[in-house]
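Colleague: Handing you this structure, nothing more for now.
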Amino acid sequence: MFTRTRHLRRLTGRFASRVSASLSHAHSVVSASALTVASALALAVIAGCTITPPQRPLIITPAAAVNSATLDQYRSAVAQRIIERSPSYVLHGTPQAMLRSLVVVSFTVDRDGKVLASSVYRTNGDDEAESTALASLRRASPLPQPPDKLLNGRGQLELFEDWLFNDNGKFQLREFATPQAQTIE
């Protein structure tokens, strides 16, 4: 602050010198009080032009973080609906150490929760597990309505879910999966 004040005084002094020189050049007589008023006026103008940086940066939560929390909540609601609609296929307890299959399904939901499209995104080639995963998703439709802020410009949302299958054909969804067994029996 002291440096800024010293700088302003130096600028004001230069301004007063120039004003004094130009008035002398015009053969005008300027009183000391008029020169003081001009200096004060110049100081006020210069002081009004300073830029003061903000005290603290504003902390703004990015929209992506808000949408991420909302997306996690929606994914949980979708997984819960799938489990509720396919209770006989759901594995309760601990999944085996070496899973029979992992099926990743990609699906698109509209604003009403209707599944518009679904396909196997990744698999180990287990046709039965793939069919079970896709059928359980169809049984769960319509899914809960997604929040508007998650929808794209076409009013849709694309999601992925993982079906983890035991040898007995029962599955857990990754969203609610329990830790796998540590030993192969």
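Quick note on naming: the chains in the structure tokens go A, B, ... in the order shown, residues restart at 1 in each chain, and ligands are numbered from 1 in order of appearance.
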Show me, as a ChimeraX atom specification, the residues that have an atom within 12 Å of range 79-94 of chain A when counting only C-alpha atoms, minus same-chain residues fewer than 6 positions from it.

Modeller: /A:72-73,113,129,132-145,159-183

Colleague: At what distance in Å, to one decimal, does CA of Glu158 in chain A lie from CA of Pro95 in chain A?

Modeller: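 Pair CA of Pro95 in chain A / CA of Glu158 in chain A returns 27.4 Å.
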
Colleague: Could you tell me, as a list in words, which residues of range 106-150 of chain A DSSP assigns to alpha helix (DSSP H) when given the backbone?

Modeller: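 Output for range 106-150 of chain A, alpha helix (DSSP H) only: Asp127, Glu128, Ala129, Glu130, Ser131, Thr132, Ala133, Leu134, Ala135, Ser136, Leu137, Arg138, Arg139 and Ala140 of chain A.
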
Colleague: Atoms to include: C-alpha atoms. Write the selected residues as a short mmCIF file (atom, residue, chain, number, x, y, z; two decimals), in the first residue's frame.

Modeller:
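Below you can see out.cif, which holds the result:
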data_model
loop_
_atom_site.label_atom_id
_atom_site.label_comp_id
_atom_site.auth_asym_id
_atom_site.auth_seq_id
_atom_site.Cartn_x
_atom_site.Cartn_y
_atom_site.Cartn_z
CA ASP A 127 -24.09 -66.17 -24.34
CA GLU A 128 -26.30 -67.27 -21.45
CA ALA A 129 -24.93 -64.57 -19.13
CA GLU A 130 -25.33 -61.94 -21.87
CA SER A 131 -28.97 -62.97 -22.44
CA THR A 132 -29.70 -62.89 -18.71
CA ALA A 133 -28.18 -59.41 -18.34
CA LEU A 134 -30.14 -57.96 -21.27
CA ALA A 135 -33.37 -59.69 -20.17
CA SER A 136 -33.06 -58.36 -16.60
CA LEU A 137 -32.61 -54.84 -17.98
CA ARG A 138 -35.73 -55.21 -20.19
CA ARG A 139 -37.75 -56.49 -17.20
CA ALA A 140 -36.74 -53.43 -15.19
#

Colleague: Distance CA of Leu99 in chain A-CA of Leu71 in chain A, one decimal place?

Modeller: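 About the pair CA of Leu99 in chain A and CA of Leu71 in chain A: they are 27.3 Å apart.
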
Colleague: Quote the spacing between CA of Arg100 in chain A and CA of Leu157 in chain A in Å to one decimal place.

Modeller: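 Between CA of Arg100 in chain A and CA of Leu157 in chain A the gap works out to 29.5 Å.
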
Colleague: Report as a PyMOL selection string all protein, DNA and RNA residues lying within 7 Å of Arg122 in chain A, evaluated on only C-alpha atoms, omitting residues in the same chain fewer than 2 positions from it.

Modeller: chain A and resi 103-104+120

Colleague: Could you take the residues named above and write them with C-alpha atoms, as a PDB file, in the first residue's frame?

Modeller:
ATOM      1  CA  VAL A 103     -21.030 -58.672 -18.758  1.00  0.00           C
ATOM      2  CA  VAL A 104     -20.942 -54.909 -19.312  1.00  0.00           C
ATOM      3  CA  VAL A 120     -23.476 -55.876 -24.679  1.00  0.00           C
TER       4      VAL A 120
END

Colleague: Quick check for you: according to DSSP on this backbone, which residues of range 78-110 of chain A are classed as strand (DSSP E or B)? Reply as a list in words.

Modeller: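 Secondary structure check on range 78-110 of chain A, strand (DSSP E or B): Val90, Ser101, Leu102, Val103, Val104, Val105, Ser106, Phe107, Thr108, Val109 and Asp110 of chain A.
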
Colleague: Residues as selected, N, CA and C atoms, written as a PDB file, in the first residue's frame, can you do that?

Modeller:
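part.pdb, freshly written:
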ATOM      1  N   VAL A  90     -30.831 -62.824  -8.769  1.00  0.00           N
ATOM      2  CA  VAL A  90     -29.882 -62.049  -7.970  1.00  0.00           C
ATOM      3  C   VAL A  90     -29.131 -62.951  -6.999  1.00  0.00           C
ATOM      4  N   SER A 101     -18.601 -65.046 -15.312  1.00  0.00           N
ATOM      5  CA  SER A 101     -18.666 -64.072 -16.394  1.00  0.00           C
ATOM      6  C   SER A 101     -18.842 -62.665 -15.846  1.00  0.00           C
ATOM      7  N   LEU A 102     -18.343 -61.727 -16.619  1.00  0.00           N
ATOM      8  CA  LEU A 102     -18.576 -60.305 -16.369  1.00  0.00           C
ATOM      9  C   LEU A 102     -19.159 -59.752 -17.660  1.00  0.00           C
ATOM     10  N   VAL A 103     -20.363 -59.225 -17.580  1.00  0.00           N
ATOM     11  CA  VAL A 103     -21.030 -58.672 -18.758  1.00  0.00           C
ATOM     12  C   VAL A 103     -21.268 -57.184 -18.519  1.00  0.00           C
ATOM     13  N   VAL A 104     -20.734 -56.349 -19.391  1.00  0.00           N
ATOM     14  CA  VAL A 104     -20.942 -54.909 -19.312  1.00  0.00           C
ATOM     15  C   VAL A 104     -21.973 -54.544 -20.374  1.00  0.00           C
ATOM     16  N   VAL A 105     -23.058 -53.925 -19.943  1.00  0.00           N
ATOM     17  CA  VAL A 105     -24.146 -53.548 -20.854  1.00  0.00           C
ATOM     18  C   VAL A 105     -24.203 -52.027 -20.957  1.00  0.00           C
ATOM     19  N   SER A 106     -24.304 -51.546 -22.181  1.00  0.00           N
ATOM     20  CA  SER A 106     -24.509 -50.127 -22.460  1.00  0.00           C
ATOM     21  C   SER A 106     -25.986 -49.959 -22.802  1.00  0.00           C
ATOM     22  N   PHE A 107     -26.611 -48.938 -22.229  1.00  0.00           N
ATOM     23  CA  PHE A 107     -28.025 -48.708 -22.551  1.00  0.00           C
ATOM     24  C   PHE A 107     -28.351 -47.221 -22.506  1.00  0.00           C
ATOM     25  N   THR A 108     -29.360 -46.862 -23.293  1.00  0.00           N
ATOM     26  CA  THR A 108     -29.793 -45.473 -23.398  1.00  0.00           C
ATOM     27  C   THR A 108     -31.212 -45.366 -22.859  1.00  0.00           C
ATOM     28  N   VAL A 109     -31.414 -44.366 -22.008  1.00  0.00           N
ATOM     29  CA  VAL A 109     -32.705 -44.140 -21.350  1.00  0.00           C
ATOM     30  C   VAL A 109     -33.242 -42.777 -21.788  1.00  0.00           C
ATOM     31  N   ASP A 110     -34.552 -42.696 -22.039  1.00  0.00           N
ATOM     32  CA  ASP A 110     -35.139 -41.386 -22.354  1.00  0.00           C
ATOM     33  C   ASP A 110     -35.588 -40.696 -21.073  1.00  0.00           C
TER      34      ASP A 110
END
